[in-house]
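**Student:** Got a structure for you, target_27.cif, holding mmCIF, C-alpha atoms.
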data_data
loop_
_atom_site.label_atom_id
_atom_site.label_comp_id
_atom_site.auth_asym_id
_atom_site.auth_seq_id
_atom_site.Cartn_x
_atom_site.Cartn_y
_atom_site.Cartn_z
CA MET A 1 0.00 0.00 0.00
CA GLN A 2 2.93 2.31 0.67
CA ASN A 3 4.16 2.38 -2.88
CA ASP A 4 0.66 3.38 -3.99
CA SER A 5 1.42 6.96 -2.97
CA THR A 6 4.61 6.92 -5.04
CA LEU A 7 2.73 5.46 -8.00
CA ILE A 8 -0.04 8.03 -7.61
CA GLN A 9 2.46 10.86 -7.57
CA GLN A 10 4.00 9.44 -10.75
CA LEU A 11 0.52 9.11 -12.24
CA LYS A 12 -0.12 12.79 -11.56
CA ASN A 13 3.11 13.49 -13.44
CA LYS A 14 1.68 11.58 -16.43
CA ASP A 15 3.89 8.53 -15.99
CA GLU A 16 2.39 5.80 -18.18
CA ARG A 17 4.18 3.07 -16.24
CA ALA A 18 2.43 4.21 -13.04
CA LEU A 19 -0.95 4.00 -14.76
CA SER A 20 -0.06 0.56 -16.04
CA LEU A 21 0.88 -0.69 -12.54
CA LEU A 22 -2.18 0.84 -10.86
CA TYR A 23 -4.33 -0.68 -13.58
CA ASP A 24 -2.81 -4.10 -12.92
CA LYS A 25 -3.59 -3.71 -9.24
CA TYR A 26 -7.17 -2.43 -9.36
CA SER A 27 -8.68 -3.16 -12.78
CA GLY A 28 -9.90 -6.63 -11.67
CA ALA A 29 -11.89 -5.28 -8.71
CA ILE A 30 -13.27 -2.36 -10.74
CA TYR A 31 -14.12 -4.59 -13.72
CA SER A 32 -16.02 -6.89 -11.37
CA VAL A 33 -18.10 -3.99 -10.02
CA ILE A 34 -18.87 -2.65 -13.52
CA LEU A 35 -19.68 -6.11 -14.85
CA LYS A 36 -22.05 -6.91 -11.98
CA MET A 37 -23.83 -3.60 -12.51
CA ILE A 38 -24.19 -3.57 -16.29
CA ARG A 39 -24.17 -7.32 -16.98
CA ASP A 40 -22.70 -6.91 -20.44
CA GLU A 41 -19.06 -7.82 -21.02
CA GLY A 42 -18.54 -5.54 -24.06
CA LYS A 43 -20.01 -2.50 -22.35
CA ALA A 44 -18.17 -3.35 -19.13
CA GLN A 45 -14.83 -3.43 -20.96
CA ASN A 46 -15.53 -0.06 -22.60
CA LEU A 47 -16.52 1.41 -19.25
CA LEU A 48 -13.41 0.01 -17.60
CA GLN A 49 -11.27 1.64 -20.28
CA ASP A 50 -13.18 4.92 -19.94
CA THR A 51 -12.74 4.80 -16.19
CA PHE A 52 -8.97 4.54 -16.44
CA ILE A 53 -8.85 7.23 -19.14
CA THR A 54 -10.57 9.51 -16.64
CA VAL A 55 -8.14 8.37 -13.94
CA TRP A 56 -5.31 9.36 -16.29
CA ASP A 57 -6.82 12.70 -17.29
CA LYS A 58 -8.05 13.74 -13.85
CA ALA A 59 -5.26 12.31 -11.70
CA GLU A 60 -4.38 15.87 -10.71
CA SER A 61 -7.75 16.32 -9.00
CA TYR A 62 -7.40 13.21 -6.83
CA ASP A 63 -6.72 14.26 -3.23
CA THR A 64 -4.94 11.58 -1.17
CA ASP A 65 -6.15 13.16 2.09
CA LYS A 66 -9.80 12.65 1.25
CA GLY A 67 -9.70 8.94 0.71
CA ARG A 68 -8.09 5.89 -0.80
CA PHE A 69 -7.20 5.72 -4.48
CA TYR A 70 -9.37 2.65 -4.92
CA THR A 71 -12.42 4.50 -3.50
CA TRP A 72 -11.85 7.33 -5.97
CA VAL A 73 -11.61 4.97 -8.95
CA TYR A 74 -14.62 2.99 -7.70
CA ARG A 75 -16.76 6.16 -7.64
CA ILE A 76 -15.67 7.13 -11.17
CA ALA A 77 -16.49 3.65 -12.48
CA LYS A 78 -19.84 3.56 -10.68
CA ASN A 79 -20.89 6.98 -11.99
CA LYS A 80 -19.96 6.11 -15.54
CA THR A 81 -21.82 2.81 -15.35
CA LEU A 82 -24.91 4.43 -13.82
CA ASN A 83 -24.90 7.04 -16.59
CA VAL A 84 -24.90 4.33 -19.24
CA LEU A 85 -27.64 2.42 -17.39
CA ARG A 86 -29.78 5.56 -17.05
CA LYS A 87 -29.51 6.31 -20.76
CA THR A 88 -30.65 2.79 -21.54
CA ASP A 89 -33.33 3.02 -18.85
CA VAL A 90 -35.19 5.84 -20.57
CA LEU A 91 -36.12 3.41 -23.31
CA ILE A 92 -37.17 0.41 -21.25
CA GLN A 93 -37.96 1.64 -17.76
CA THR A 94 -41.51 1.07 -16.63
CA ASP A 95 -41.10 1.72 -12.96
CA ASP A 96 -38.28 2.59 -10.60
CA PHE A 97 -36.49 -0.73 -10.43
CA SER A 98 -37.83 -2.82 -13.21
CA VAL A 99 -34.74 -1.87 -15.18
CA TYR A 100 -32.61 -4.15 -13.09
CA ASP A 101 -35.01 -7.06 -13.53
CA THR A 102 -35.33 -6.37 -17.21
CA LYS A 103 -31.58 -6.23 -17.52
CA GLU A 104 -31.19 -9.52 -15.77
CA ASP A 105 -33.60 -11.10 -18.23
CA ALA A 106 -32.37 -9.37 -21.31
CA VAL A 107 -28.63 -9.80 -21.01
CA SER A 108 -27.05 -13.13 -20.41
CA ILE A 109 -23.54 -13.21 -19.09
CA ASP A 110 -21.55 -15.94 -17.49
CA SER A 111 -23.30 -16.43 -14.14
CA GLU A 112 -19.86 -17.00 -12.64
CA TYR A 113 -19.27 -13.27 -13.05
CA LEU A 114 -22.25 -12.49 -10.83
CA GLU A 115 -21.24 -14.79 -7.98
CA LEU A 116 -19.72 -13.21 -4.91
CA ASN A 117 -16.45 -14.45 -3.50
CA GLY A 118 -14.17 -14.06 -0.53
CA ALA A 119 -15.17 -12.90 2.91
CA LEU A 120 -18.64 -11.84 1.68
CA THR A 121 -19.62 -15.50 1.39
CA THR A 122 -19.25 -15.92 5.14
CA LEU A 123 -22.01 -13.37 5.80
CA GLU A 124 -25.62 -14.10 6.51
CA ALA A 125 -27.76 -13.95 3.36
CA HIS A 126 -29.52 -10.62 4.11
CA HIS A 127 -26.22 -8.95 5.05
CA LYS A 128 -24.62 -10.22 1.90
CA GLU A 129 -27.54 -9.02 -0.21
CA ALA A 130 -27.46 -5.55 1.36
CA ILE A 131 -23.78 -5.15 0.50
CA GLU A 132 -24.33 -6.57 -2.97
CA LEU A 133 -27.10 -4.07 -3.72
CA VAL A 134 -25.19 -0.95 -2.74
CA TYR A 135 -21.72 -2.08 -3.72
CA PHE A 136 -22.10 -4.25 -6.78
CA LYS A 137 -25.46 -3.16 -8.17
CA GLY A 138 -25.00 0.56 -7.75
CA LEU A 139 -28.25 1.11 -5.85
CA THR A 140 -28.51 3.90 -3.33
CA HIS A 141 -29.43 3.06 0.22
CA LYS A 142 -32.95 4.36 -0.48
CA GLU A 143 -33.38 2.21 -3.56
CA ALA A 144 -31.82 -0.80 -1.89
CA HIS A 145 -34.05 -0.85 1.18
CA GLN A 146 -37.09 -0.76 -1.09
CA GLU A 147 -35.62 -3.54 -3.16
CA MET A 148 -35.13 -5.65 -0.02
CA ASP A 149 -38.49 -4.48 1.30
CA VAL A 150 -37.16 -3.50 4.74
CA PRO A 151 -37.23 -0.08 6.45
CA LEU A 152 -34.31 2.20 5.64
CA GLY A 153 -33.07 2.12 9.25
CA THR A 154 -33.04 -1.65 9.22
CA PHE A 155 -31.22 -1.69 5.92
CA LYS A 156 -28.57 0.69 7.28
CA SER A 157 -28.01 -1.55 10.28
CA TYR A 158 -27.62 -4.53 7.88
CA ILE A 159 -24.84 -2.65 6.17
CA ARG A 160 -23.20 -1.69 9.46
CA GLN A 161 -23.32 -5.22 10.81
CA ALA A 162 -22.10 -6.69 7.57
CA LEU A 163 -19.14 -4.37 7.48
CA LYS A 164 -18.31 -5.08 11.12
CA GLN A 165 -18.24 -8.81 10.45
CA LEU A 166 -16.16 -8.37 7.35
CA ARG A 167 -13.69 -6.26 9.26
CA GLU A 168 -13.29 -9.04 11.80
CA THR A 169 -12.86 -11.62 9.07
CA TYR A 170 -10.19 -9.55 7.32
CA ALA A 171 -8.44 -8.95 10.66
CA LYS A 172 -8.37 -12.72 11.25
CA THR A 173 -7.06 -13.36 7.79
CA LEU A 174 -4.42 -10.77 8.32
CA SER A 175 -3.32 -12.25 11.64
CA LEU A 176 -3.31 -15.70 10.05
CA ILE A 177 -1.06 -14.43 7.33
CA LEU A 178 1.15 -12.79 9.92
CA LEU A 179 1.31 -16.05 11.86
CA MET A 180 2.29 -17.92 8.71
CA LEU A 181 4.91 -15.35 7.92
CA ASN A 182 6.28 -15.70 11.47
CA ALA A 183 6.29 -19.48 11.17
CA LEU A 184 8.37 -19.16 8.06
CA MET B 1 -29.24 18.46 7.40
CA MET B 2 -27.33 19.23 10.56
CA MET B 3 -24.31 16.95 10.63
CA ASP B 4 -22.27 15.81 13.53
CA LYS B 5 -20.21 12.76 14.29
CA LYS B 6 -23.05 10.92 16.00
CA SER B 7 -25.62 11.41 13.25
CA LEU B 8 -22.98 10.52 10.66
CA LEU B 9 -22.43 7.15 12.25
CA GLU B 10 -26.09 6.51 13.01
CA HIS B 11 -27.36 7.36 9.57
CA GLY B 12 -24.68 5.38 7.79
CA LEU B 13 -23.69 8.55 5.98
CA LEU B 14 -20.02 7.58 5.87
CA GLU B 15 -20.93 4.43 3.93
CA GLN B 16 -23.09 6.43 1.56
CA TYR B 17 -20.33 9.02 1.19
CA LEU B 18 -17.85 6.28 0.41
CA LEU B 19 -20.18 4.76 -2.19
CA GLY B 20 -20.63 8.16 -3.85
CA GLU B 21 -24.35 8.44 -3.09
CA LEU B 22 -24.27 11.89 -1.51
CA ASN B 23 -24.60 15.31 -3.12
CA ALA B 24 -21.78 17.87 -3.26
CA THR B 25 -22.90 19.85 -0.17
CA GLN B 26 -23.15 16.74 2.00
CA CYS B 27 -19.78 15.57 0.72
CA GLU B 28 -18.18 18.87 1.68
CA GLN B 29 -19.64 18.74 5.19
CA ILE B 30 -18.39 15.20 5.69
CA GLU B 31 -14.96 16.09 4.36
CA VAL B 32 -14.74 18.94 6.86
CA LEU B 33 -15.72 16.61 9.74
CA LEU B 34 -13.25 13.93 8.57
CA ALA B 35 -10.44 16.45 8.39
CA SER B 36 -11.09 17.71 11.91
CA ASP B 37 -11.82 14.41 13.71
CA ALA B 38 -9.05 11.85 13.78
CA GLU B 39 -11.26 9.15 15.32
CA LEU B 40 -13.87 9.58 12.60
CA LYS B 41 -11.14 9.53 9.99
CA ALA B 42 -9.79 6.26 11.41
CA HIS B 43 -13.29 4.80 11.24
CA PHE B 44 -13.63 5.93 7.65
CA ASP B 45 -10.20 4.53 6.76
CA ALA B 46 -11.27 1.14 8.11
CA LEU B 47 -14.48 1.37 6.11
CA GLU B 48 -12.59 2.16 2.94
CA LEU B 49 -10.18 -0.70 3.49
CA ASN B 50 -13.17 -2.96 4.05
CA PHE B 51 -14.79 -2.01 0.78
CA GLU B 52 -11.48 -2.28 -1.03
CA ASN B 53 -10.98 -5.77 0.33
CA ILE B 54 -14.48 -6.77 -0.79
CA GLY B 55 -13.65 -5.42 -4.23
CA LEU B 56 -10.30 -7.23 -4.43
CA ASP B 57 -11.91 -10.44 -3.17
CA ASN B 58 -14.29 -10.33 -6.10
CA SER B 59 -11.77 -9.37 -8.80
CA ILE B 60 -12.49 -10.53 -12.31
CA SER B 61 -9.55 -10.16 -14.68
CA PRO B 62 -10.54 -8.08 -17.70
CA PRO B 63 -9.23 -9.17 -21.14
CA ALA B 64 -5.69 -7.96 -21.89
CA VAL B 65 -6.92 -6.02 -24.92
CA VAL B 66 -8.60 -3.47 -22.61
CA LYS B 67 -5.25 -2.54 -21.13
CA SER B 68 -3.43 -2.34 -24.46
CA GLN B 69 -6.20 -0.14 -25.88
CA LEU B 70 -6.08 2.04 -22.78
CA LEU B 71 -2.32 2.52 -23.07
CA ALA B 72 -2.67 3.22 -26.79
CA ARG B 73 -5.39 5.80 -26.10
CA ILE B 74 -3.43 7.75 -23.51
CA LYS B 75 -0.59 8.06 -25.98
CA ILE B 76 -2.86 9.82 -28.49
CA ALA B 77 -4.96 11.47 -25.81
CA PRO B 78 -2.97 14.64 -24.95
CA ALA B 79 -3.96 16.28 -28.25
CA GLN B 80 -7.65 15.46 -27.73
CA THR B 81 -8.33 15.90 -24.02
CA PRO B 82 -10.64 18.84 -23.52
CA GLU B 83 -9.52 19.07 -19.88
CA ALA B 84 -9.29 22.42 -18.13
CA GLU B 85 -5.53 22.45 -17.78
CA THR B 86 -4.98 21.59 -21.40
CA SER B 87 -7.53 24.10 -22.62
CA LYS B 88 -5.62 26.78 -20.74
CA VAL B 89 -2.55 25.84 -22.67
CA VAL B 90 -4.43 25.42 -25.92
CA SER B 91 -5.93 28.91 -25.76
CA PHE B 92 -2.43 30.26 -25.49
CA THR B 93 -0.65 28.38 -28.23
CA PRO B 94 -2.71 29.30 -31.33
CA ARG B 95 -2.01 33.00 -30.91
CA SER B 96 1.73 32.59 -30.58
CA ASN B 97 1.59 30.03 -33.37
CA THR B 98 -0.25 32.47 -35.61
CA LYS B 99 2.31 35.16 -34.81
CA TYR B 100 5.05 32.68 -35.46
CA TYR B 101 3.57 31.66 -38.80
CA LEU B 102 2.82 35.27 -39.74
CA GLY B 103 6.46 36.07 -39.01
CA ILE B 104 7.59 33.25 -41.24
CA VAL B 105 5.23 34.31 -44.03
CA ALA B 106 6.36 37.95 -43.75
CA SER B 107 10.00 36.91 -43.87
CA ILE B 108 9.37 34.79 -46.94
CA ALA B 109 7.51 37.66 -48.62
CA ALA B 110 10.34 40.09 -47.81
CA LEU B 111 12.89 37.64 -49.14
CA LEU B 112 10.85 37.15 -52.30
CA MET B 113 10.63 40.93 -52.83
CA ILE B 114 14.34 41.46 -52.28
CA GLY B 115 14.97 38.50 -54.52
CA SER B 116 12.70 39.95 -57.20
CA PHE B 117 14.45 43.35 -57.09
CA TRP B 118 17.81 41.70 -57.24
CA MET B 119 16.74 39.52 -60.16
CA TYR B 120 15.23 42.55 -61.94
CA SER B 121 18.47 44.52 -61.64
CA GLN B 122 20.38 41.43 -62.70
CA LEU B 123 18.07 41.10 -65.70
CA ASN B 124 18.79 44.71 -66.71
CA ALA B 125 22.51 44.21 -66.32
CA VAL B 126 22.30 41.03 -68.38
CA LYS B 127 20.26 42.84 -71.05
CA GLN B 128 22.94 45.53 -71.27
CA GLN B 129 25.65 42.93 -71.45
CA LEU B 130 23.71 41.13 -74.15
CA GLN B 131 23.48 44.35 -76.16
CA THR B 132 27.22 44.92 -75.81
CA VAL B 133 27.82 41.35 -76.87
CA GLU B 134 25.51 41.81 -79.85
CA THR B 135 27.33 44.99 -80.88
CA ASN B 136 30.67 43.25 -80.48
CA ASN B 137 29.30 40.32 -82.43
CA THR B 138 28.23 42.59 -85.29
CA LEU B 139 31.66 44.22 -85.26
CA LEU B 140 33.30 40.82 -85.25
CA ASN B 141 31.07 39.65 -88.10
CA THR B 142 32.01 42.74 -90.11
CA THR B 143 35.65 42.11 -89.37
CA ILE B 144 35.26 38.48 -90.37
CA GLU B 145 33.53 39.53 -93.59
CA THR B 146 36.28 42.02 -94.33
CA LEU B 147 38.87 39.37 -93.54
CA ASN B 148 37.06 36.86 -95.74
CA THR B 149 36.95 39.28 -98.63
CA GLU B 150 40.57 40.06 -98.02
CA LEU B 151 41.38 36.36 -97.83
CA GLU B 152 39.46 35.62 -101.01
CA ARG B 153 41.29 38.40 -102.76
CA THR B 154 44.63 37.26 -101.41
CA SER B 155 43.83 33.66 -102.30
CA SER B 156 42.95 34.62 -105.82
CA PHE B 157 46.16 36.68 -106.03
CA TYR B 158 48.05 33.78 -104.63
CA SER B 159 46.56 31.22 -107.00
CA ASP B 160 47.19 33.59 -109.86
CA ILE B 161 50.76 34.13 -108.79
CA VAL B 162 51.76 30.55 -107.95
CA GLY B 163 49.70 28.69 -110.58
CA PRO B 164 51.70 26.62 -113.10
CA ASP B 165 50.11 28.51 -115.96
CA THR B 166 51.23 31.87 -114.61
CA GLN B 167 54.01 33.75 -116.27
CA GLN B 168 56.01 36.49 -114.64
CA TYR B 169 56.97 39.64 -116.54
CA ILE B 170 59.09 42.33 -114.98
CA LEU B 171 58.56 45.92 -116.12
CA LYS B 172 61.73 47.91 -115.53
CA GLY B 173 61.65 51.69 -115.43
CA ASN B 174 63.08 53.68 -118.34
CA ALA B 175 64.88 57.02 -118.16
CA LEU B 176 61.74 58.77 -116.86
CA ALA B 177 61.60 56.49 -113.84
CA PRO B 178 64.85 54.57 -113.56
CA GLU B 179 64.17 53.11 -110.10
CA ALA B 180 60.69 51.83 -111.03
CA LYS B 181 60.04 48.09 -111.08
CA VAL B 182 56.66 46.42 -111.50
CA VAL B 183 56.25 42.64 -111.40
CA SER B 184 53.30 41.37 -113.38
CA TYR B 185 51.79 37.89 -113.31
CA VAL B 186 49.81 36.92 -116.37
CA ASN B 187 47.72 33.73 -116.55
CA HIS B 188 46.47 33.17 -120.07
CA LYS B 189 44.30 30.23 -119.06
CA SER B 190 42.31 31.95 -116.31
CA LYS B 191 42.78 35.25 -118.16
CA SER B 192 43.97 37.23 -115.18
CA VAL B 193 46.68 39.82 -114.58
CA VAL B 194 48.07 40.69 -111.16
CA ILE B 195 50.73 43.33 -110.63
CA ASN B 196 52.98 44.26 -107.75
CA THR B 197 53.42 48.02 -107.66
CA GLU B 198 55.61 48.15 -104.59
CA ARG B 199 58.50 49.70 -106.43
CA LEU B 200 56.63 52.35 -108.39
CA PRO B 201 57.77 55.85 -107.40
CA GLU B 202 55.08 57.89 -105.70
CA LEU B 203 53.12 60.43 -107.77
CA ASP B 204 51.54 63.70 -106.76
CA ASP B 205 47.77 63.92 -106.20
CA ASP B 206 47.12 65.21 -109.75
CA HIS B 207 48.53 62.13 -111.48
CA ASP B 208 48.00 58.35 -111.61
CA TYR B 209 49.79 55.48 -113.25
CA GLN B 210 47.66 53.76 -115.88
CA MET B 211 48.32 50.40 -117.54
CA TRP B 212 47.79 49.61 -121.21
CA ALA B 213 47.94 46.55 -123.46
CA ASP B 214 49.29 46.85 -126.99
CA VAL B 215 47.12 44.84 -129.38
CA GLU B 216 48.26 45.14 -132.98
CA GLY B 217 49.53 48.70 -132.47
CA GLU B 218 46.50 49.87 -130.54
CA MET B 219 46.81 50.70 -126.80
CA ILE B 220 43.89 49.28 -124.78
CA ASP B 221 43.21 50.43 -121.20
CA MET B 222 43.94 47.83 -118.49
CA GLY B 223 43.03 50.08 -115.57
CA VAL B 224 44.30 52.86 -113.36
CA ILE B 225 46.82 51.72 -110.70
CA SER B 226 45.61 52.51 -107.23
CA LYS B 227 47.99 54.49 -105.04
CA ASP B 228 47.22 52.67 -101.75
CA LYS B 229 47.60 49.05 -102.91
CA THR B 230 50.67 47.06 -103.63
CA LEU B 231 48.93 44.08 -105.30
CA MET B 232 46.34 44.82 -107.97
CA ILE B 233 44.22 42.89 -110.39
CA MET B 234 44.21 44.48 -113.82
CA ALA B 235 41.98 43.81 -116.83
CA TYR B 236 43.22 40.94 -119.01
CA ILE B 237 43.31 41.86 -122.67
CA ASP B 238 43.34 39.11 -125.35
CA HIS B 239 46.17 39.05 -127.82
CA ALA B 240 48.19 41.68 -125.95
CA GLU B 241 51.68 41.95 -127.29
CA SER B 242 53.12 44.19 -124.57
CA LEU B 243 52.19 45.73 -121.21
CA ASN B 244 52.81 49.47 -120.79
CA ILE B 245 52.50 51.92 -117.89
CA THR B 246 52.13 55.65 -118.45
CA ILE B 247 51.67 58.66 -116.19
CA GLU B 248 48.24 60.14 -116.77
CA PRO B 249 46.12 62.82 -115.11
CA ALA B 250 44.40 61.68 -111.92
CA GLY B 251 41.50 59.27 -112.66
CA GLY B 252 43.01 57.96 -115.87
CA ASN B 253 42.94 58.84 -119.55
CA ASP B 254 41.19 57.51 -122.72
CA HIS B 255 44.39 57.36 -124.65
CA PRO B 256 47.87 56.86 -123.36
CA THR B 257 50.23 59.78 -123.19
CA VAL B 258 53.07 57.94 -124.87
CA ALA B 259 55.53 60.72 -124.06
CA ARG B 260 55.14 59.81 -120.38
CA LEU B 261 55.59 56.05 -120.70
CA VAL B 262 57.63 54.89 -117.73
CA THR B 263 57.98 51.17 -118.41
CA ASN B 264 56.96 48.39 -120.73
CA VAL B 265 57.51 44.67 -121.37
CA TYR B 266 56.80 42.41 -124.32
CA LEU B 267 54.80 39.27 -123.77
CA ARG B 268 56.15 36.17 -125.46
#
Now, as a test, write the supplied structure out as structure tokens.
**Tutor:**
Amino acid sequence: MQNDSTLIQQLKNKDERALSLLYDKYSGAIYSVILKMIRDEGKAQNLLQDTFITVWDKAESYDTDKGRFYTWVYRIAKNKTLNVLRKTDVLIQTDDFSVYDTKEDAVSIDSEYLELNGALTTLEAHHKEAIELVYFKGLTHKEAHQEMDVPLGTFKSYIRQALKQLRETYAKTLSLILLMLNAL
Amino acid sequence: MMMDKKSLLEHGLLEQYLLGELNATQCEQIEVLLASDAELKAHFDALELNFENIGLDNSISPPAVVKSQLLARIKIAPAQTPEAETSKVVSFTPRSNTKYYLGIVASIAALLMIGSFWMYSQLNAVKQQLQTVETNNTLLNTTIETLNTELERTSSFYSDIVGPDTQQYILKGNALAPEAKVVSYVNHKSKSVVINTERLPELDDDHDYQMWADVEGEMIDMGVISKDKTLMIMAYIDHAESLNITIEPAGGNDHPTVARLVTNVYLR
């Protein structure tokens, strides 16, 4: 994580190698988010490319004090994807959320791409779903609680609890890794 | 919405902020709180790391072509990006470029004008030189013509003098002109007479030497001898028995003044 700040400084100085390395590090996670939102591999690849073009062009405006680089890139990717979805929505939207159902029916992608992995799988189903809706489907909290059909307050506590559990899981994994490193 | 640390945490606003769900005003307020509260910032940092880990857990490798296209695009991009910082630069460059190009164009125009003047003056000079050359050429041609005429004349003299059919007669001066000597070359085949008057004494302006041929007792005019030539072609008279030279009034006479005969020779 430390050499991220060096890479980011180089990126701001228009160093192509820095962009290349940051892309290698984060493109997989970002691609996954875009793909799960738009459910179309071609569009997802274009959006991923667009996202990193913006990262390249706007690197100067990224402020390290305000948050992590990944968060910044995630927001760019999410906004771009939502814009594309909204444009498409105008044509097919019948009510607020039918677009997502319609999309699921209309576009077929490898279901493997929609599966969740890692620590998320250890969560209870409703916690996992809450995270999935806001993080991988691009829904706002307001949209997501309606989608899950629970009060907003309840939904927010789902998110909080889910994140707390995940934090513990990651901490365990980290200590396990540290133990293994010590053993070596 | 009034924001403080407590409501931030209770309303899950940090999560929404992280996910980019909030508007610009809310974002600003949260950023201010984060900057001033280390504990809140630490909480947010943990949240960010959490979300990042979720993301990395779920990575899906995009096809390699996306990256190669991306890197290709950023190499062309600088000329196309309509970004603020580039537009600042762009607005500047055209003006200086225009000036630069105008300067170049003006320089070229000035050079062309100077060049044109120079070439014009050169053209005039060349025209003058050409005229001089033409004049010289005319002079030379005249000289050549004169020389040719001269050469032709000399050649004809020469052929007359050295031809195998040419006979040489020497007219020696009598008592009237004892030092006179005229050499005459007579060619009966080509019917020509050439004389060398080098040794004829000079006459005053009122008199000329005249040459006569004696044909059966009658003296026939062969021509007046010019004062400024040493070699002269005279008229050839058929059946001439002798050649005679008399002193006559300037311009010649119809009949010879026999009393002033200076020399004669008989042809055999």
**Student:** Would you list the contacts of stretch 36-44 of chain A as a ChimeraX atom specification, taking every protein, DNA or RNA residue within 10 Å and counting only C-alpha atoms, but skipping same-chain residues closer than 5 positions in sequence?
**Tutor:** /A:30-31,49-50,77-78,81-82,84-85,100,103-104,106-111,113-116,132-133,135-139 /B:62-63
**Student:** For this structure, which residues satisfy the selection - the PyMOL selection byres ((chain B) within 6 of (chain A)) - when it is evaluated on the file as given? I want them as a PyMOL selection string.
**Tutor:** chain B and resi 20+55-61+70
**Student:** Between atom CA of B:Ala177 and atom CA of B:Ile237, measure the distance and give it in Å to one decimal.
**Tutor:**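 Calculated distance between atom CA of B:Ala177 and atom CA of B:Ile237 is 25.0 Å.
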**Student:** Kindly give the distance, in Å, that separates atom CA of B:Thr154 and atom CA of B:Pro178, rounded to a single decimal.
**Tutor:** 29.3 Å
**Student:** Between A:Ile34, A:Thr54, A:Ala59, A:Leu176, which residue has the minimum interatomic distance to A:Asn13, considering only C-alpha atoms?
**Tutor:**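 Selected residue with least distance to A:Asn13: A:Ala59.
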**Student:** Step by step, work through what the PyMOL selection byres ((chain B and resi 196-210) around 10) selects in the shown file, and finish by giving those residues as JSON, numbers by chain.
**Tutor:** {"B": [170, 172, 173, 177, 178, 179, 180, 181, 182, 183, 184, 185, 194, 195, 211, 212, 221, 222, 223, 224, 225, 226, 227, 228, 229, 230, 231, 232, 233, 244, 245, 246, 247, 248, 249, 250, 251, 252, 253, 256, 257, 260, 261, 262]}
**Student:** So how far away is atom CA of B:Leu18 from atom CA of A:Thr122, in Å?
**Tutor:**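 So the answer is 22.7 Å.
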**Student:** Given the file above and the PyMOL selection byres ((chain B and resi 266) around 9), which residues are selected, and can you give them as a PyMOL selection string?
**Tutor:** chain B and resi 169+240-244+264-265+267-268
**Student:** Ranking A:Leu123, A:Leu22, A:Ala162, A:Ala130 by minimum distance to A:Asp149 and counting only C-alpha atoms, which one comes first?
**Tutor:**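 For A:Asp149, the nearest of the given residues is A:Ala130.
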